[in-house]
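As stored in final.cif (mmCIF, C-alpha atoms):
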data_run
loop_
_atom_site.group_PDB
_atom_site.id
_atom_site.type_symbol
_atom_site.label_atom_id
_atom_site.label_comp_id
_atom_site.auth_asym_id
_atom_site.auth_seq_id
_atom_site.Cartn_x
_atom_site.Cartn_y
_atom_site.Cartn_z
ATOM 1 C CA MET A 1 -14.810 19.153 10.802
ATOM 2 C CA GLU A 2 -12.243 17.120 12.725
ATOM 3 C CA VAL A 3 -10.527 14.218 10.962
ATOM 4 C CA ASN A 4 -10.114 11.031 12.996
ATOM 5 C CA ARG A 5 -6.364 10.370 12.717
ATOM 6 C CA LEU A 6 -6.295 7.543 15.271
ATOM 7 C CA GLN A 7 -8.620 4.824 14.063
ATOM 8 C CA LEU A 8 -9.264 1.585 15.915
ATOM 9 C CA GLN A 9 -10.013 -1.466 13.783
ATOM 10 C CA SER A 10 -12.618 -3.593 15.560
ATOM 11 C CA THR A 11 -14.842 -6.599 15.012
ATOM 12 C CA SER A 12 -17.517 -4.922 17.169
ATOM 13 C CA GLU A 13 -18.081 -1.915 19.417
ATOM 14 C CA ALA A 14 -17.585 -4.209 22.417
ATOM 15 C CA THR A 15 -13.975 -4.997 21.409
ATOM 16 C CA PRO A 16 -12.320 -1.767 20.199
ATOM 17 C CA GLY A 17 -8.911 -2.284 18.629
ATOM 18 C CA ASP A 18 -9.041 -6.081 18.504
ATOM 19 C CA LEU A 19 -8.125 -5.966 14.797
ATOM 20 C CA GLY A 20 -5.506 -3.235 15.214
ATOM 21 C CA PHE A 21 -5.254 0.504 14.672
ATOM 22 C CA LYS A 22 -4.048 3.234 12.295
ATOM 23 C CA LEU A 23 -2.386 6.532 13.135
ATOM 24 C CA ILE A 24 -1.929 9.320 10.587
ATOM 25 C CA GLY A 25 0.502 12.186 11.021
ATOM 26 C CA GLU A 26 1.308 15.229 8.890
ATOM 27 C CA SER A 27 4.810 16.375 8.011
ATOM 28 C CA ARG A 28 6.126 19.241 10.115
ATOM 29 C CA GLU A 29 7.820 20.728 7.043
ATOM 30 C CA GLN A 30 5.597 19.871 4.064
ATOM 31 C CA GLN A 31 1.895 20.516 4.517
ATOM 32 C CA GLY A 32 -0.149 17.680 3.056
ATOM 33 C CA ARG A 33 2.623 15.079 3.306
ATOM 34 C CA LEU A 34 1.279 12.257 5.448
ATOM 35 C CA ALA A 35 2.578 9.180 7.235
ATOM 36 C CA ARG A 36 0.245 6.332 8.200
ATOM 37 C CA ILE A 37 1.338 3.575 10.535
ATOM 38 C CA TRP A 38 -1.042 0.636 10.586
ATOM 39 C CA VAL A 39 -0.951 -2.310 12.985
ATOM 40 C CA ARG A 40 -3.262 -5.075 11.862
ATOM 41 C CA ARG A 41 -3.989 -8.646 12.740
ATOM 42 C CA LYS A 42 -2.785 -11.260 10.312
ATOM 43 C CA LYS A 43 -5.613 -13.371 8.913
ATOM 44 C CA GLY A 44 -4.119 -16.757 9.702
ATOM 45 C CA ALA A 45 -0.984 -18.710 10.470
ATOM 46 C CA GLU A 46 -0.269 -19.307 6.782
ATOM 47 C CA ARG A 47 -0.903 -15.733 5.616
ATOM 48 C CA HIS A 48 2.235 -13.660 5.245
ATOM 49 C CA VAL A 49 0.966 -10.481 3.626
ATOM 50 C CA TRP A 50 4.078 -8.487 4.376
ATOM 51 C CA THR A 51 7.391 -10.266 4.671
ATOM 52 C CA ARG A 52 9.899 -7.393 4.364
ATOM 53 C CA TYR A 53 10.918 -7.615 8.017
ATOM 54 C CA LEU A 54 14.198 -6.031 8.976
ATOM 55 C CA GLU A 55 16.584 -7.884 11.238
ATOM 56 C CA ALA A 56 15.991 -5.562 14.221
ATOM 57 C CA GLU A 57 12.201 -5.871 14.171
ATOM 58 C CA THR A 58 10.403 -8.001 16.702
ATOM 59 C CA ARG A 59 8.608 -10.685 14.739
ATOM 60 C CA SER A 60 5.007 -11.448 15.480
ATOM 61 C CA ALA A 61 2.938 -14.448 14.536
ATOM 62 C CA GLN A 62 -0.312 -12.510 14.952
ATOM 63 C CA TRP A 63 0.379 -8.867 13.981
ATOM 64 C CA GLU A 64 2.012 -6.924 11.177
ATOM 65 C CA VAL A 65 2.962 -3.275 10.827
ATOM 66 C CA ARG A 66 2.711 -1.277 7.641
ATOM 67 C CA LEU A 67 4.100 2.200 7.169
ATOM 68 C CA HIS A 68 2.811 4.297 4.278
ATOM 69 C CA LEU A 69 4.228 7.667 3.285
ATOM 70 C CA LYS A 70 2.502 10.143 0.985
ATOM 71 C CA ARG A 71 4.857 11.135 -1.801
ATOM 72 C CA GLY A 72 4.861 14.267 -3.956
ATOM 73 C CA THR A 73 2.625 12.511 -6.447
ATOM 74 C CA GLY A 74 -0.126 12.181 -3.850
ATOM 75 C CA ALA A 75 0.196 8.393 -3.698
ATOM 76 C CA MET A 76 0.734 6.544 -0.429
ATOM 77 C CA THR A 77 3.835 4.374 -0.765
ATOM 78 C CA LEU A 78 4.651 1.387 1.414
ATOM 79 C CA ALA A 79 7.918 1.991 3.304
ATOM 80 C CA GLU A 80 10.034 -0.439 5.269
ATOM 81 C CA PHE A 81 9.304 -0.495 8.972
ATOM 82 C CA SER A 82 11.571 -1.105 11.927
ATOM 83 C CA PRO A 83 11.316 0.045 15.545
ATOM 84 C CA ALA A 84 14.024 2.649 14.828
ATOM 85 C CA VAL A 85 11.686 4.337 12.320
ATOM 86 C CA LEU A 86 9.327 5.324 15.141
ATOM 87 C CA ASP A 87 11.703 7.963 16.537
ATOM 88 C CA GLU A 88 12.210 9.390 13.053
ATOM 89 C CA LEU A 89 8.452 9.611 12.516
ATOM 90 C CA ALA A 90 7.979 11.387 15.856
ATOM 91 C CA ALA A 91 10.613 13.963 14.897
ATOM 92 C CA ASN A 92 9.352 14.619 11.355
ATOM 93 C CA PHE A 93 5.572 14.294 11.637
ATOM 94 C CA ALA A 94 2.958 15.922 13.866
ATOM 95 C CA PHE A 95 0.382 13.549 15.314
ATOM 96 C CA PRO A 96 -2.973 14.437 16.874
ATOM 97 C CA ARG A 97 -2.883 15.347 20.547
ATOM 98 C CA ASP A 98 -5.201 13.419 22.849
ATOM 99 C CA PRO A 99 -7.475 11.967 20.106
ATOM 100 C CA ALA A 100 -10.933 10.741 21.123
ATOM 101 C CA THR A 101 -9.994 7.069 20.634
ATOM 102 C CA LEU A 102 -6.796 7.226 22.715
ATOM 103 C CA ALA A 103 -8.390 5.966 25.945
ATOM 104 C CA GLN A 104 -9.806 2.954 24.091
ATOM 105 C CA LEU A 105 -6.404 2.167 22.577
ATOM 106 C CA LYS A 106 -4.731 2.412 25.993
ATOM 107 C CA ALA A 107 -7.278 -0.093 27.332
ATOM 108 C CA VAL A 108 -6.477 -2.748 24.710
ATOM 109 C CA VAL A 109 -4.791 -5.674 26.455
ATOM 110 C CA ASN A 110 -2.365 -7.553 24.247
ATOM 111 C CA ALA A 111 0.617 -9.774 25.019
ATOM 112 C CA ASP A 112 2.244 -9.378 21.598
ATOM 113 C CA PRO A 113 5.522 -7.383 21.761
ATOM 114 C CA LEU A 114 5.144 -5.871 18.266
ATOM 115 C CA PHE A 115 1.595 -4.677 18.941
ATOM 116 C CA ASN A 116 2.634 -3.261 22.323
ATOM 117 C CA LEU A 117 5.733 -1.556 20.915
ATOM 118 C CA VAL A 118 3.736 0.433 18.372
ATOM 119 C CA ARG A 119 0.755 1.011 20.695
ATOM 120 C CA ASP A 120 3.005 2.410 23.417
ATOM 121 C CA TRP A 121 4.692 4.683 20.866
ATOM 122 C CA VAL A 122 1.294 5.911 19.629
ATOM 123 C CA VAL A 123 0.244 6.689 23.201
ATOM 124 C CA LYS A 124 3.503 8.573 23.726
ATOM 125 C CA VAL A 125 3.278 10.748 20.580
ATOM 126 C CA THR A 126 -0.422 11.530 21.024
ATOM 127 C CA THR A 127 -0.433 12.304 24.719
ATOM 128 C CA GLU A 128 -1.226 15.930 25.445
ATOM 129 C CA ASP A 129 1.806 16.399 27.669
ATOM 130 C CA ALA A 130 4.254 14.783 25.239
ATOM 131 C CA ALA A 131 7.268 17.000 24.748
ATOM 132 C CA PRO A 132 7.686 18.336 21.217
ATOM 133 C CA PRO A 133 10.800 17.087 19.439
ATOM 134 C CA THR A 134 13.878 19.255 19.562
ATOM 135 C CA PRO A 135 15.008 20.691 16.214
#

Please rewrite the model in this file as structure tokens.
Amino acid sequence: MEVNRLQLQSTSEATPGDLGFKLIGESREQQGRLARIWVRRKKGAERHVWTRYLEAETRSAQWEVRLHLKRGTGAMTLAEFSPAVLDELAANFAFPRDPATLAQLKAVVNADPLFNLVRDWVVKVTTEDAAPPTP
């Protein structure tokens, strides 16, 4: 049974990814240690569900990014996110190659720089011909 590690969050089948997406990767060194990066739409202009933005992060009025890491206890812990973290994740975690939902994610049109930053990174790390990181 194949686990869907790239999940599109959608209001309907006609609009895949309009609510965001999740990508789950597994540690290259510790089997069972997971990282989940989740881009989701904020629920309104007044809702600030995650305000721990770092200075270097592109702010978004419509989207937020959450990064969860599975710890030794088995719990998923919220970790701080910045664009620099993406390279570290790519080096330390293995992500699915060419998942079934990748074409749908590529087709999502969005003008938000935060959404596009993470989406483009997801496309890069899940593309079949992506080069593996150097040790």

A:Arg33, A:Val125, A:Val118, A:Lys106 ranked by distance to Met76 (chain A), top pick (using all atoms listed in the file): A:Arg33

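Nearest to Leu102 (chain A) of all the residues A:Ala14, A:Leu34, A:Ala75, A:Leu23 is A:Leu23, counting only C-alpha atoms.
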
Residues in the PyMOL selection byres ((chain A and resi 32) around 12), expressed as a count of residues only: 21

Find the spatial neighbours of Val122 (chain A), counting only C-alpha atoms, within a cut-off of 10 Å - ignore same-chain residues fewer than 6 positions away - and output them as a CSV table (one decimal) with C-alpha atoms, in the frame of the given file.
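Result written to result33.csv:
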chain,number,residue,atom,x,y,z
A,6,LEU,CA,-6.3,7.5,15.3
A,21,PHE,CA,-5.3,0.5,14.7
A,22,LYS,CA,-4.0,3.2,12.3
A,23,LEU,CA,-2.4,6.5,13.1
A,37,ILE,CA,1.3,3.6,10.5
A,86,LEU,CA,9.3,5.3,15.1
A,90,ALA,CA,8.0,11.4,15.9
A,95,PHE,CA,0.4,13.5,15.3
A,96,PRO,CA,-3.0,14.4,16.9
A,102,LEU,CA,-6.8,7.2,22.7
A,105,LEU,CA,-6.4,2.2,22.6
A,106,LYS,CA,-4.7,2.4,26.0
A,116,ASN,CA,2.6,-3.3,22.3

Picked residues, the PyMOL selection byres ((chain A and resi 63) around 7), as a VMD selection string: chain A and resid 39 to 42 60 to 62 64 to 65 115

Please determine, counting all atoms listed in the file, which residue among A:Asp120, A:Thr101, A:Pro113, A:Thr126 has the shortest atom-to-atom distance to Asn4 (chain A). A:Thr101

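CA of Asn92 (chain A) to CA of Arg66 (chain A) spans 17.6 Å [interatomic distance, one decimal].
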
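Each of A:Leu89, A:Asp18, A:Asp98, A:Val123 was compared to Asn110 (chain A) using only C-alpha atoms, and A:Asp18 turns out to be the nearest.
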
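From CA of Gln104 (chain A) back to CA of Leu8 (chain A), the distance works out to 8.3 Å.
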
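Note that the spacing between CA of Ser82 (chain A) and CA of Ala111 (chain A) amounts to 19.1 Å.
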